[in-house]
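data_27.cif (mmCIF, C-alpha atoms)
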data_my_file
#
loop_
_atom_site.group_PDB
_atom_site.id
_atom_site.type_symbol
_atom_site.label_atom_id
_atom_site.label_comp_id
_atom_site.auth_asym_id
_atom_site.auth_seq_id
_atom_site.Cartn_x
_atom_site.Cartn_y
_atom_site.Cartn_z
ATOM 1 C CA MET A 1472 -24.494 -2.719 -18.755
ATOM 2 C CA ALA A 1473 -22.022 -0.772 -20.836
ATOM 3 C CA ALA A 1474 -18.400 -0.837 -19.845
ATOM 4 C CA PRO A 1475 -17.291 2.089 -17.684
ATOM 5 C CA THR A 1476 -15.976 5.050 -19.645
ATOM 6 C CA TYR A 1477 -12.648 5.327 -17.884
ATOM 7 C CA THR A 1478 -10.039 2.594 -17.800
ATOM 8 C CA TRP A 1479 -6.883 1.956 -15.822
ATOM 9 C CA GLU A 1480 -3.465 0.709 -16.758
ATOM 10 C CA PHE A 1481 -0.622 -0.950 -14.912
ATOM 11 C CA VAL A 1482 2.372 1.342 -14.544
ATOM 12 C CA THR A 1483 4.961 -0.108 -12.190
ATOM 13 C CA ASN A 1484 5.419 -2.175 -9.074
ATOM 14 C CA LEU A 1485 6.671 -0.512 -5.915
ATOM 15 C CA PHE A 1486 7.520 -3.785 -4.219
ATOM 16 C CA SER A 1487 9.200 -5.889 -6.874
ATOM 17 C CA ASN A 1488 9.751 -6.262 -10.595
ATOM 18 C CA SER A 1489 6.761 -8.494 -11.180
ATOM 19 C CA VAL A 1490 4.051 -7.542 -13.645
ATOM 20 C CA PRO A 1491 0.373 -8.496 -13.583
ATOM 21 C CA LYS A 1492 -0.306 -12.105 -14.472
ATOM 22 C CA LEU A 1493 -3.057 -12.890 -16.913
ATOM 23 C CA MET A 1494 -5.771 -15.225 -15.743
ATOM 24 C CA THR A 1495 -9.150 -16.321 -17.056
ATOM 25 C CA LEU A 1496 -11.967 -15.934 -14.567
ATOM 26 C CA GLN A 1497 -15.729 -16.125 -14.739
ATOM 27 C CA ALA A 1498 -17.793 -13.080 -15.627
ATOM 28 C CA SER A 1499 -20.918 -11.901 -13.873
ATOM 29 C CA THR A 1500 -24.183 -11.421 -15.701
ATOM 30 C CA ASN A 1501 -24.134 -8.547 -18.178
ATOM 31 C CA LEU A 1502 -20.472 -7.758 -17.649
ATOM 32 C CA GLU A 1503 -19.044 -5.522 -20.320
ATOM 33 C CA THR A 1504 -15.460 -4.402 -20.309
ATOM 34 C CA LYS A 1505 -12.833 -2.480 -22.161
ATOM 35 C CA VAL A 1506 -9.179 -3.358 -21.864
ATOM 36 C CA GLY A 1507 -8.275 -1.773 -18.530
ATOM 37 C CA THR A 1508 -11.687 -1.773 -16.888
ATOM 38 C CA LEU A 1509 -11.149 -2.104 -13.142
ATOM 39 C CA LEU A 1510 -12.758 -5.287 -11.865
ATOM 40 C CA ILE A 1511 -13.787 -6.666 -8.520
ATOM 41 C CA ALA A 1512 -14.474 -10.224 -7.436
ATOM 42 C CA THR A 1513 -17.926 -10.788 -6.051
ATOM 43 C CA GLY A 1514 -19.857 -13.976 -5.552
ATOM 44 C CA GLY A 1515 -17.199 -15.982 -7.284
ATOM 45 C CA GLU A 1516 -17.414 -13.888 -10.435
ATOM 46 C CA VAL A 1517 -15.846 -10.695 -11.673
ATOM 47 C CA ASP A 1518 -17.782 -7.505 -12.104
ATOM 48 C CA ASN A 1519 -17.091 -3.877 -12.913
ATOM 49 C CA ALA A 1520 -15.785 -1.866 -9.991
ATOM 50 C CA GLY A 1521 -18.560 0.587 -9.196
ATOM 51 C CA ALA A 1522 -19.189 2.796 -6.231
ATOM 52 C CA THR A 1523 -17.883 0.141 -3.839
ATOM 53 C CA VAL A 1524 -14.546 -1.191 -4.952
ATOM 54 C CA VAL A 1525 -13.601 -3.444 -2.074
ATOM 55 C CA GLY A 1526 -12.346 -6.709 -3.491
ATOM 56 C CA ILE A 1527 -10.441 -5.413 -6.500
ATOM 57 C CA ILE A 1528 -9.015 -8.318 -8.437
ATOM 58 C CA GLY A 1529 -7.499 -6.633 -11.447
ATOM 59 C CA LEU A 1530 -7.932 -5.032 -14.830
ATOM 60 C CA ALA A 1531 -9.831 -6.491 -17.738
ATOM 61 C CA ALA A 1532 -7.427 -7.802 -20.351
ATOM 62 C CA GLU A 1533 -10.001 -7.925 -23.103
ATOM 63 C CA ALA A 1534 -12.858 -5.881 -24.462
ATOM 64 C CA THR A 1535 -16.187 -7.640 -24.581
ATOM 65 C CA THR A 1536 -18.242 -7.421 -27.738
ATOM 66 C CA ALA A 1537 -21.542 -7.922 -25.935
ATOM 67 C CA ALA A 1538 -22.900 -8.310 -22.420
ATOM 68 C CA ALA A 1539 -21.571 -11.484 -20.863
ATOM 69 C CA THR A 1540 -23.612 -14.329 -19.478
ATOM 70 C CA ALA A 1541 -22.807 -15.465 -15.956
ATOM 71 C CA GLY A 1542 -19.814 -17.766 -16.035
ATOM 72 C CA ASP A 1543 -18.472 -16.626 -19.380
ATOM 73 C CA PRO A 1544 -14.674 -16.512 -19.435
ATOM 74 C CA ILE A 1545 -13.054 -13.133 -19.041
ATOM 75 C CA LYS A 1546 -9.335 -12.508 -19.100
ATOM 76 C CA VAL A 1547 -8.045 -10.420 -16.202
ATOM 77 C CA TYR A 1548 -4.693 -8.899 -15.311
ATOM 78 C CA LEU A 1549 -4.310 -9.635 -11.592
ATOM 79 C CA ILE A 1550 -3.207 -6.646 -9.507
ATOM 80 C CA GLY A 1551 -1.113 -7.449 -6.447
ATOM 81 C CA PRO A 1552 0.141 -5.433 -3.483
ATOM 82 C CA GLY A 1553 2.424 -2.591 -4.480
ATOM 83 C CA MET A 1554 1.354 -2.586 -8.131
ATOM 84 C CA VAL A 1555 0.589 0.916 -9.346
ATOM 85 C CA ILE A 1556 -2.330 1.559 -11.667
ATOM 86 C CA LYS A 1557 -2.954 4.806 -13.485
ATOM 87 C CA GLY A 1558 -6.433 6.188 -14.010
ATOM 88 C CA THR A 1559 -8.596 9.271 -14.036
ATOM 89 C CA ALA A 1560 -10.135 11.218 -11.172
ATOM 90 C CA ASP A 1561 -13.404 13.133 -11.301
ATOM 91 C CA ALA A 1562 -11.792 16.151 -9.621
ATOM 92 C CA ASP A 1563 -8.431 17.363 -8.382
ATOM 93 C CA ALA A 1564 -7.082 14.481 -6.304
ATOM 94 C CA SER A 1565 -3.739 16.042 -5.437
ATOM 95 C CA THR A 1566 -4.607 16.306 -1.758
ATOM 96 C CA LEU A 1567 -4.829 12.520 -1.651
ATOM 97 C CA SER A 1568 -1.239 12.122 -2.818
ATOM 98 C CA GLY A 1569 1.238 10.392 -0.568
ATOM 99 C CA PHE A 1570 -1.115 7.544 0.241
ATOM 100 C CA ASN A 1571 -3.333 9.979 2.111
ATOM 101 C CA GLY A 1572 -6.173 7.539 2.652
ATOM 102 C CA LYS A 1573 -6.533 3.846 1.924
ATOM 103 C CA LEU A 1574 -10.205 3.543 1.017
ATOM 104 C CA GLY A 1575 -10.529 5.508 -2.194
ATOM 105 C CA ASP A 1576 -13.627 4.680 -4.172
ATOM 106 C CA LEU A 1577 -14.756 4.841 -7.792
ATOM 107 C CA ASN A 1578 -17.664 6.268 -9.712
ATOM 108 C CA THR A 1579 -19.652 4.021 -12.000
ATOM 109 C CA ASP A 1580 -17.893 5.589 -14.972
ATOM 110 C CA GLY A 1581 -14.589 4.159 -13.721
ATOM 111 C CA SER A 1582 -13.102 7.413 -12.483
ATOM 112 C CA LEU A 1583 -11.778 7.891 -8.967
ATOM 113 C CA ASP A 1584 -14.409 9.516 -6.763
ATOM 114 C CA VAL A 1585 -12.269 12.121 -5.064
ATOM 115 C CA ALA A 1586 -14.897 13.101 -2.516
ATOM 116 C CA ASP A 1587 -15.511 9.523 -1.435
ATOM 117 C CA ALA A 1588 -12.834 8.198 0.871
ATOM 118 C CA SER A 1589 -14.791 5.251 2.209
ATOM 119 C CA ASN A 1590 -15.928 1.821 1.030
ATOM 120 C CA GLY A 1591 -13.109 1.566 -1.469
ATOM 121 C CA SER A 1592 -9.605 0.191 -1.462
ATOM 122 C CA LEU A 1593 -7.392 2.547 -3.404
ATOM 123 C CA ALA A 1594 -4.569 4.744 -2.105
ATOM 124 C CA VAL A 1595 -3.188 7.558 -4.247
ATOM 125 C CA TRP A 1596 0.556 7.566 -4.639
ATOM 126 C CA ARG A 1597 0.778 10.710 -6.776
ATOM 127 C CA THR A 1598 -1.111 12.723 -9.373
ATOM 128 C CA GLU A 1599 -0.593 14.589 -12.631
ATOM 129 C CA ASP A 1600 -2.614 16.922 -14.852
ATOM 130 C CA ALA A 1601 -3.800 19.172 -12.032
ATOM 131 C CA GLY A 1602 -4.742 16.163 -9.969
ATOM 132 C CA LEU A 1603 -6.952 14.569 -12.618
ATOM 133 C CA THR A 1604 -4.603 11.704 -13.451
ATOM 134 C CA VAL A 1605 -3.982 9.441 -10.489
ATOM 135 C CA TYR A 1606 -1.451 6.742 -9.733
ATOM 136 C CA CYS A 1607 -2.912 4.362 -7.189
ATOM 137 C CA VAL A 1608 -2.152 1.166 -5.312
ATOM 138 C CA VAL A 1609 -4.746 -1.329 -4.196
ATOM 139 C CA THR A 1610 -4.743 -1.600 -0.410
ATOM 140 C CA VAL A 1611 -7.321 -4.358 -0.021
ATOM 141 C CA GLY A 1612 -7.807 -6.725 -2.907
ATOM 142 C CA ALA A 1613 -9.790 -9.872 -3.438
ATOM 143 C CA LEU A 1614 -6.618 -11.873 -2.943
ATOM 144 C CA PHE A 1615 -5.014 -9.887 -0.109
ATOM 145 C CA MET B 1415 12.500 17.038 15.927
ATOM 146 C CA ALA B 1416 15.565 14.838 16.138
ATOM 147 C CA ALA B 1417 15.548 11.540 14.327
ATOM 148 C CA PRO B 1418 14.575 8.560 16.462
ATOM 149 C CA VAL B 1419 17.563 6.968 18.190
ATOM 150 C CA TYR B 1420 16.949 3.463 16.931
ATOM 151 C CA THR B 1421 16.865 2.413 13.299
ATOM 152 C CA TRP B 1422 15.808 -0.636 11.343
ATOM 153 C CA GLU B 1423 17.371 -2.539 8.498
ATOM 154 C CA PHE B 1424 16.081 -4.842 5.786
ATOM 155 C CA VAL B 1425 17.208 -8.436 6.308
ATOM 156 C CA CYS B 1426 15.471 -10.787 3.895
ATOM 157 C CA ASP B 1427 12.236 -11.572 2.112
ATOM 158 C CA LEU B 1428 10.103 -14.476 3.296
ATOM 159 C CA PHE B 1429 7.982 -14.409 0.160
ATOM 160 C CA GLY B 1430 10.604 -14.190 -2.581
ATOM 161 C CA ASP B 1431 13.913 -12.664 -3.508
ATOM 162 C CA ARG B 1432 12.833 -9.063 -3.506
ATOM 163 C CA VAL B 1433 14.717 -6.189 -2.012
ATOM 164 C CA PRO B 1434 13.143 -2.879 -1.055
ATOM 165 C CA LYS B 1435 12.732 -0.363 -3.832
ATOM 166 C CA VAL B 1436 13.681 3.233 -3.180
ATOM 167 C CA THR B 1437 11.161 5.908 -3.958
ATOM 168 C CA THR B 1438 11.115 9.613 -3.271
ATOM 169 C CA LEU B 1439 8.187 10.845 -1.213
ATOM 170 C CA LEU B 1440 7.295 14.160 0.392
ATOM 171 C CA ALA B 1441 8.415 14.908 3.924
ATOM 172 C CA ALA B 1442 6.344 16.300 6.749
ATOM 173 C CA ALA B 1443 7.471 19.504 8.407
ATOM 174 C CA ALA B 1444 10.455 19.094 10.745
ATOM 175 C CA LEU B 1445 11.190 15.540 9.661
ATOM 176 C CA GLU B 1446 14.644 14.321 10.574
ATOM 177 C CA THR B 1447 15.861 10.857 9.724
ATOM 178 C CA LYS B 1448 18.796 8.544 9.865
ATOM 179 C CA VAL B 1449 19.271 5.795 7.314
ATOM 180 C CA GLY B 1450 16.882 3.160 8.579
ATOM 181 C CA THR B 1451 14.484 5.368 10.487
ATOM 182 C CA MET B 1452 11.062 3.778 10.255
ATOM 183 C CA VAL B 1453 8.677 6.189 8.562
ATOM 184 C CA SER B 1454 4.918 6.449 8.133
ATOM 185 C CA GLN B 1455 2.603 8.309 5.789
ATOM 186 C CA VAL B 1456 0.457 10.760 7.726
ATOM 187 C CA SER B 1457 -1.786 13.208 5.875
ATOM 188 C CA GLY B 1458 0.120 12.539 2.687
ATOM 189 C CA ALA B 1459 3.538 13.267 4.125
ATOM 190 C CA VAL B 1460 6.348 11.141 5.511
ATOM 191 C CA THR B 1461 6.883 11.266 9.252
ATOM 192 C CA ALA B 1462 8.983 9.245 11.650
ATOM 193 C CA THR B 1463 6.884 6.360 12.932
ATOM 194 C CA VAL B 1464 5.705 6.844 16.501
ATOM 195 C CA ASP B 1465 3.217 5.181 18.809
ATOM 196 C CA GLY B 1466 -0.066 5.136 16.921
ATOM 197 C CA THR B 1467 1.214 5.649 13.378
ATOM 198 C CA GLY B 1468 2.732 2.216 12.869
ATOM 199 C CA GLY B 1469 -0.344 1.155 10.944
ATOM 200 C CA ALA B 1470 0.574 3.737 8.328
ATOM 201 C CA MET B 1471 4.211 2.710 8.058
ATOM 202 C CA VAL B 1472 5.554 2.923 4.530
ATOM 203 C CA GLY B 1473 9.185 1.938 4.874
ATOM 204 C CA LEU B 1474 12.638 2.906 6.103
ATOM 205 C CA ALA B 1475 14.372 6.182 5.407
ATOM 206 C CA ALA B 1476 17.064 5.747 2.774
ATOM 207 C CA GLU B 1477 18.898 8.894 3.679
ATOM 208 C CA ALA B 1478 19.995 10.865 6.711
ATOM 209 C CA THR B 1479 18.779 14.421 6.852
ATOM 210 C CA ALA B 1480 21.275 17.154 7.592
ATOM 211 C CA ALA B 1481 18.648 19.338 9.215
ATOM 212 C CA ALA B 1482 14.933 19.415 9.879
ATOM 213 C CA LEU B 1483 13.044 19.282 6.594
ATOM 214 C CA SER B 1484 10.262 21.531 5.437
ATOM 215 C CA LEU B 1485 6.865 20.249 4.423
ATOM 216 C CA GLY B 1486 7.085 18.792 0.948
ATOM 217 C CA ASP B 1487 10.841 18.333 0.839
ATOM 218 C CA PRO B 1488 11.872 15.141 -0.934
ATOM 219 C CA ILE B 1489 12.863 12.183 1.195
ATOM 220 C CA ARG B 1490 14.049 8.842 -0.126
ATOM 221 C CA VAL B 1491 12.368 5.809 1.381
ATOM 222 C CA TYR B 1492 12.941 2.068 1.118
ATOM 223 C CA LEU B 1493 9.453 0.655 0.620
ATOM 224 C CA ILE B 1494 8.720 -2.406 2.754
ATOM 225 C CA ALA B 1495 6.480 -4.998 1.129
ATOM 226 C CA PRO B 1496 4.542 -7.871 2.683
ATOM 227 C CA GLY B 1497 6.943 -10.633 3.685
ATOM 228 C CA MET B 1498 9.999 -8.419 3.905
ATOM 229 C CA VAL B 1499 11.814 -8.842 7.205
ATOM 230 C CA ILE B 1500 13.249 -5.843 9.022
ATOM 231 C CA LYS B 1501 15.519 -5.971 12.039
ATOM 232 C CA GLY B 1502 15.280 -3.493 14.879
ATOM 233 C CA LYS B 1503 15.248 -3.084 18.633
ATOM 234 C CA ALA B 1504 12.605 -3.552 21.302
ATOM 235 C CA ASP B 1505 12.352 -1.604 24.539
ATOM 236 C CA ALA B 1506 12.063 -4.824 26.560
ATOM 237 C CA ASP B 1507 12.148 -8.574 26.080
ATOM 238 C CA VAL B 1508 9.585 -9.420 23.401
ATOM 239 C CA SER B 1509 10.633 -13.015 22.875
ATOM 240 C CA ALA B 1510 7.141 -14.103 23.860
ATOM 241 C CA GLN B 1511 5.908 -12.411 20.698
ATOM 242 C CA SER B 1512 8.064 -14.546 18.427
ATOM 243 C CA GLY B 1513 6.392 -16.700 15.821
ATOM 244 C CA PHE B 1514 4.132 -13.946 14.536
ATOM 245 C CA ASN B 1515 2.249 -13.911 17.830
ATOM 246 C CA ALA B 1516 0.378 -10.655 17.003
ATOM 247 C CA LYS B 1517 0.022 -8.544 13.901
ATOM 248 C CA THR B 1518 -0.225 -4.954 15.109
ATOM 249 C CA HIS B 1519 2.820 -4.229 17.243
ATOM 250 C CA ASP B 1520 3.622 -0.584 17.612
ATOM 251 C CA VAL B 1521 6.824 1.443 17.626
ATOM 252 C CA GLY B 1522 7.721 4.228 20.043
ATOM 253 C CA SER B 1523 9.104 7.662 19.297
ATOM 254 C CA ASP B 1524 12.636 6.401 19.931
ATOM 255 C CA GLY B 1525 12.225 3.876 17.104
ATOM 256 C CA ARG B 1526 12.003 0.758 19.251
ATOM 257 C CA LEU B 1527 9.252 -1.813 19.229
ATOM 258 C CA ILE B 1528 7.088 -1.195 22.267
ATOM 259 C CA SER B 1529 6.857 -4.244 24.471
ATOM 260 C CA GLY B 1530 3.274 -4.953 25.420
ATOM 261 C CA ASP B 1531 1.724 -2.635 22.836
ATOM 262 C CA THR B 1532 0.025 -4.796 20.256
ATOM 263 C CA THR B 1533 -2.480 -2.257 19.001
ATOM 264 C CA GLY B 1534 -2.273 0.618 16.571
ATOM 265 C CA GLY B 1535 0.806 -0.623 14.814
ATOM 266 C CA GLY B 1536 1.504 -2.905 11.911
ATOM 267 C CA LEU B 1537 4.404 -5.176 12.842
ATOM 268 C CA SER B 1538 4.566 -8.873 13.614
ATOM 269 C CA VAL B 1539 7.583 -10.453 15.306
ATOM 270 C CA TRP B 1540 9.116 -13.363 13.442
ATOM 271 C CA ARG B 1541 11.937 -14.068 15.939
ATOM 272 C CA THR B 1542 14.214 -12.356 18.419
ATOM 273 C CA GLU B 1543 17.825 -12.310 19.578
ATOM 274 C CA ASP B 1544 19.761 -10.745 22.447
ATOM 275 C CA ALA B 1545 17.331 -11.798 25.166
ATOM 276 C CA GLY B 1546 14.411 -10.550 23.158
ATOM 277 C CA LEU B 1547 15.793 -7.065 22.587
ATOM 278 C CA THR B 1548 16.636 -7.508 18.908
ATOM 279 C CA VAL B 1549 13.592 -8.218 16.804
ATOM 280 C CA TYR B 1550 13.002 -9.477 13.291
ATOM 281 C CA CYS B 1551 9.620 -8.275 12.100
ATOM 282 C CA VAL B 1552 7.370 -8.290 9.083
ATOM 283 C CA SER B 1553 4.908 -5.571 8.216
ATOM 284 C CA THR B 1554 1.280 -6.667 8.264
ATOM 285 C CA VAL B 1555 -0.619 -3.390 7.905
ATOM 286 C CA GLN B 1556 0.766 -0.178 6.495
ATOM 287 C CA ALA B 1557 0.053 2.706 4.160
ATOM 288 C CA LEU B 1558 0.000 0.605 0.993
ATOM 289 C CA TYR B 1559 -1.866 -2.445 2.320
#
Could you write out this structure as C-alpha cells?
Amino acid sequence: MAAPTYTWEFVTNLFSNSVPKLMTLQASTNLETKVGTLLIATGGEVDNAGATVVGIIGLAAEATTAAATAGDPIKVYLIGPGMVIKGTADADASTLSGFNGKLGDLNTDGSLDVADASNGSLAVWRTEDAGLTVYCVVTVGALF
Amino acid sequence: MAAPVYTWEFVCDLFGDRVPKVTTLLAAAALETKVGTMVSQVSGAVTATVDGTGGAMVGLAAEATAAALSLGDPIRVYLIAPGMVIKGKADADVSAQSGFNAKTHDVGSDGRLISGDTTGGGLSVWRTEDAGLTVYCVSTVQALY
C-alpha cells in the first residue's frame, strides 16, 4: 500500500540528550514508507502505524521506491521513552495537551486521530497551529 | 490548597548518567508546590500527586509557588524518566517493599509513600533507610510511559 501521507519527525528528548538510533529491521509485505513514516512492530516485522498504533518502534529512515517484500531490510529510527515526535493532527488537538491521555491513535494517513483516545500509545505534550501540529511522546512502544 | 508537607529529590539514575530535565508545564487551578513536590498530569494540567494519581506522575516541582496558581499558569517541573531514583518519605515502615517488591505504590496527599497501598500509583521501592521511613523509589508508570 502507499506510504501514509503524513510523516513525523524527532524533535527532542525530555529524559536525556540521546537521539534516535538507526537500525535495520525487516519489513512486512507491501510496506511503503517515506522518511518519517511512523512504524509499528508486528509479527517480527515493521509495518505502517495505522488505526491501532500499539507497539510503535520508530520512524522510517528511508523512503521506499516500491512495495517491500516480507523480510526486506528497512532502516528505522528507534523512538525511546521521553523522545518527542512532531506530526499532524486531523483536528484541533489542543485539549489533549499536557499529556492528557496516553492512548492516542492514528489515522491511516499518518495523522493523529484526535477523536480516538483508545488503542494507541501516543500522549500529546503540546500543540501548535491551532492544535493541528502535535508534539507527542510514545507511552507504550514495542521495546518498552 | 497548600503544598504537600513532604517532598522528593532526585538521587541517581540506575540506567545511565542522566539528570532530570526541567520543562515548563501548565498548572491546575489552586496548585501550590515546594521544590520537590511530586506532581501528576491530570486532565492536561499539573497537580500535586495524591492517592490515585500516582500513575499519572510526571515529575517533581522545580519551583516553590508563592501563592495558589490559576489554571494554566506556568510551573517548572523536573521530569522523571525510567530508572531515575527519587528519595522521599513513607508514612510507615515500608522496608518489606525494598528490592522493587511492587510496581504501583501510591503517594498520599501529604506527599509520603502510603504504606500498604500498592495500587493506583506508579512507584517501586528500590531500598529504604531510617527504619523504612525514607524510601528510594523508581517510577514505573506515569504520564509519559
What are the closest atom pairs, with distances in Å to one decimal, for each residue of chain B lying within 12 Å of chain A, using all atoms listed in the file, rows by chain and rising residue number, as a Markdown table?
| residue | atom | partner | partner_atom | distance |
| --- | --- | --- | --- | --- |
| B:Asp1427 | CA | A:Ser1487 | CA | 11.1 |
| B:Phe1429 | CA | A:Ser1487 | CA | 11.1 |
| B:Gly1430 | CA | A:Ser1487 | CA | 9.5 |
| B:Asp1431 | CA | A:Ser1487 | CA | 8.9 |
| B:Arg1432 | CA | A:Ser1487 | CA | 5.9 |
| B:Val1433 | CA | A:Ser1487 | CA | 7.4 |
| B:Pro1434 | CA | A:Phe1486 | CA | 6.5 |
| B:Lys1435 | CA | A:Phe1486 | CA | 6.2 |
| B:Val1436 | CA | A:Leu1485 | CA | 8.4 |
| B:Thr1437 | CA | A:Leu1485 | CA | 8.1 |
| B:Thr1438 | CA | A:Gly1569 | CA | 10.3 |
| B:Leu1439 | CA | A:Gly1569 | CA | 7.0 |
| B:Leu1440 | CA | A:Gly1569 | CA | 7.2 |
| B:Ala1441 | CA | A:Gly1569 | CA | 9.6 |
| B:Ala1442 | CA | A:Gly1569 | CA | 10.7 |
| B:Ser1454 | CA | A:Phe1570 | CA | 10.0 |
| B:Gln1455 | CA | A:Phe1570 | CA | 6.7 |
| B:Val1456 | CA | A:Asn1571 | CA | 6.8 |
| B:Ser1457 | CA | A:Asn1571 | CA | 5.2 |
| B:Gly1458 | CA | A:Gly1569 | CA | 4.1 |
| B:Ala1459 | CA | A:Gly1569 | CA | 6.0 |
| B:Val1460 | CA | A:Gly1569 | CA | 8.0 |
| B:Thr1461 | CA | A:Gly1569 | CA | 11.4 |
| B:Gly1469 | CA | A:Lys1573 | CA | 11.3 |
| B:Ala1470 | CA | A:Phe1570 | CA | 9.1 |
| B:Met1471 | CA | A:Phe1570 | CA | 10.6 |
| B:Val1472 | CA | A:Phe1570 | CA | 9.2 |
| B:Gly1473 | CA | A:Phe1486 | CA | 10.9 |
| B:Gly1486 | CA | A:Gly1569 | CA | 10.3 |
| B:Pro1488 | CA | A:Gly1569 | CA | 11.7 |
| B:Ile1489 | CA | A:Gly1569 | CA | 11.9 |
| B:Val1491 | CA | A:Leu1485 | CA | 11.2 |
| B:Tyr1492 | CA | A:Phe1486 | CA | 9.6 |
| B:Leu1493 | CA | A:Phe1486 | CA | 6.8 |
| B:Ile1494 | CA | A:Phe1486 | CA | 7.2 |
| B:Ala1495 | CA | A:Phe1486 | CA | 5.6 |
| B:Pro1496 | CA | A:Pro1552 | CA | 8.0 |
| B:Gly1497 | CA | A:Phe1486 | CA | 10.5 |
| B:Met1498 | CA | A:Phe1486 | CA | 9.7 |
| B:Thr1554 | CA | A:Phe1615 | CA | 11.0 |
| B:Val1555 | CA | A:Thr1610 | CA | 9.5 |
| B:Gln1556 | CA | A:Thr1610 | CA | 8.9 |
| B:Ala1557 | CA | A:Phe1570 | CA | 6.3 |
| B:Leu1558 | CA | A:Thr1610 | CA | 5.4 |
| B:Tyr1559 | CA | A:Thr1610 | CA | 4.1 |
Please write the residues from the selection above to a file, keeping C-alpha atoms, as a PDB file, keeping the file's coordinate frame.
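To be explicit, this is the file written out as selection38.pdb:
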ATOM      1  CA  ASP B1427      12.236 -11.572   2.112  1.00  0.00           C
ATOM      2  CA  PHE B1429       7.982 -14.409   0.160  1.00  0.00           C
ATOM      3  CA  GLY B1430      10.604 -14.190  -2.581  1.00  0.00           C
ATOM      4  CA  ASP B1431      13.913 -12.664  -3.508  1.00  0.00           C
ATOM      5  CA  ARG B1432      12.833  -9.063  -3.506  1.00  0.00           C
ATOM      6  CA  VAL B1433      14.717  -6.189  -2.012  1.00  0.00           C
ATOM      7  CA  PRO B1434      13.143  -2.879  -1.055  1.00  0.00           C
ATOM      8  CA  LYS B1435      12.732  -0.363  -3.832  1.00  0.00           C
ATOM      9  CA  VAL B1436      13.681   3.233  -3.180  1.00  0.00           C
ATOM     10  CA  THR B1437      11.161   5.908  -3.958  1.00  0.00           C
ATOM     11  CA  THR B1438      11.115   9.613  -3.271  1.00  0.00           C
ATOM     12  CA  LEU B1439       8.187  10.845  -1.213  1.00  0.00           C
ATOM     13  CA  LEU B1440       7.295  14.160   0.392  1.00  0.00           C
ATOM     14  CA  ALA B1441       8.415  14.908   3.924  1.00  0.00           C
ATOM     15  CA  ALA B1442       6.344  16.300   6.749  1.00  0.00           C
ATOM     16  CA  SER B1454       4.918   6.449   8.133  1.00  0.00           C
ATOM     17  CA  GLN B1455       2.603   8.309   5.789  1.00  0.00           C
ATOM     18  CA  VAL B1456       0.457  10.760   7.726  1.00  0.00           C
ATOM     19  CA  SER B1457      -1.786  13.208   5.875  1.00  0.00           C
ATOM     20  CA  GLY B1458       0.120  12.539   2.687  1.00  0.00           C
ATOM     21  CA  ALA B1459       3.538  13.267   4.125  1.00  0.00           C
ATOM     22  CA  VAL B1460       6.348  11.141   5.511  1.00  0.00           C
ATOM     23  CA  THR B1461       6.883  11.266   9.252  1.00  0.00           C
ATOM     24  CA  GLY B1469      -0.344   1.155  10.944  1.00  0.00           C
ATOM     25  CA  ALA B1470       0.574   3.737   8.328  1.00  0.00           C
ATOM     26  CA  MET B1471       4.211   2.710   8.058  1.00  0.00           C
ATOM     27  CA  VAL B1472       5.554   2.923   4.530  1.00  0.00           C
ATOM     28  CA  GLY B1473       9.185   1.938   4.874  1.00  0.00           C
ATOM     29  CA  GLY B1486       7.085  18.792   0.948  1.00  0.00           C
ATOM     30  CA  PRO B1488      11.872  15.141  -0.934  1.00  0.00           C
ATOM     31  CA  ILE B1489      12.863  12.183   1.195  1.00  0.00           C
ATOM     32  CA  VAL B1491      12.368   5.809   1.381  1.00  0.00           C
ATOM     33  CA  TYR B1492      12.941   2.068   1.118  1.00  0.00           C
ATOM     34  CA  LEU B1493       9.453   0.655   0.620  1.00  0.00           C
ATOM     35  CA  ILE B1494       8.720  -2.406   2.754  1.00  0.00           C
ATOM     36  CA  ALA B1495       6.480  -4.998   1.129  1.00  0.00           C
ATOM     37  CA  PRO B1496       4.542  -7.871   2.683  1.00  0.00           C
ATOM     38  CA  GLY B1497       6.943 -10.633   3.685  1.00  0.00           C
ATOM     39  CA  MET B1498       9.999  -8.419   3.905  1.00  0.00           C
ATOM     40  CA  THR B1554       1.280  -6.667   8.264  1.00  0.00           C
ATOM     41  CA  VAL B1555      -0.619  -3.390   7.905  1.00  0.00           C
ATOM     42  CA  GLN B1556       0.766  -0.178   6.495  1.00  0.00           C
ATOM     43  CA  ALA B1557       0.053   2.706   4.160  1.00  0.00           C
ATOM     44  CA  LEU B1558       0.000   0.605   0.993  1.00  0.00           C
ATOM     45  CA  TYR B1559      -1.866  -2.445   2.320  1.00  0.00           C
TER      46      TYR B1559
END
Around the point (10.5, -4.7, 17.3), in the coordinates given by the file, pick out the residues reaching within 9 Å, counting all atoms listed in the file, and return them as a compact mmCIF listing (two decimals) with C-alpha atoms, keeping the file's coordinate frame.
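Result file follows (point-v1.txt):
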# COMPACT_ATOMS: atom_id res chain seq x y z
CA TRP B 1422 15.81 -0.64 11.34
CA ILE B 1500 13.25 -5.84 9.02
CA LYS B 1501 15.52 -5.97 12.04
CA GLY B 1502 15.28 -3.49 14.88
CA LYS B 1503 15.25 -3.08 18.63
CA ALA B 1504 12.60 -3.55 21.30
CA ASP B 1505 12.35 -1.60 24.54
CA VAL B 1508 9.59 -9.42 23.40
CA HIS B 1519 2.82 -4.23 17.24
CA ASP B 1520 3.62 -0.58 17.61
CA VAL B 1521 6.82 1.44 17.63
CA GLY B 1525 12.22 3.88 17.10
CA ARG B 1526 12.00 0.76 19.25
CA LEU B 1527 9.25 -1.81 19.23
CA ILE B 1528 7.09 -1.20 22.27
CA SER B 1529 6.86 -4.24 24.47
CA LEU B 1537 4.40 -5.18 12.84
CA SER B 1538 4.57 -8.87 13.61
CA VAL B 1539 7.58 -10.45 15.31
CA THR B 1542 14.21 -12.36 18.42
CA LEU B 1547 15.79 -7.06 22.59
CA THR B 1548 16.64 -7.51 18.91
CA VAL B 1549 13.59 -8.22 16.80
CA TYR B 1550 13.00 -9.48 13.29
CA CYS B 1551 9.62 -8.28 12.10
Written as number ranges by chain, which residues does the PyMOL selection byres ((chain B and resi 1443) around 6) give for the file shown? B: 1442, 1444-1445, 1483-1485
Coordinates-based distance that separates CA of Asp1563 in chain A from CA of Asp1584 in chain A (Å, one decimal): 10.0 Å
CA of Thr1523 in chain A to CA of Ala1537 in chain A, distance in Å rounded to a single decimal: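 One can read the CA of Thr1523 in chain A to CA of Ala1537 in chain A distance as 23.8 Å.
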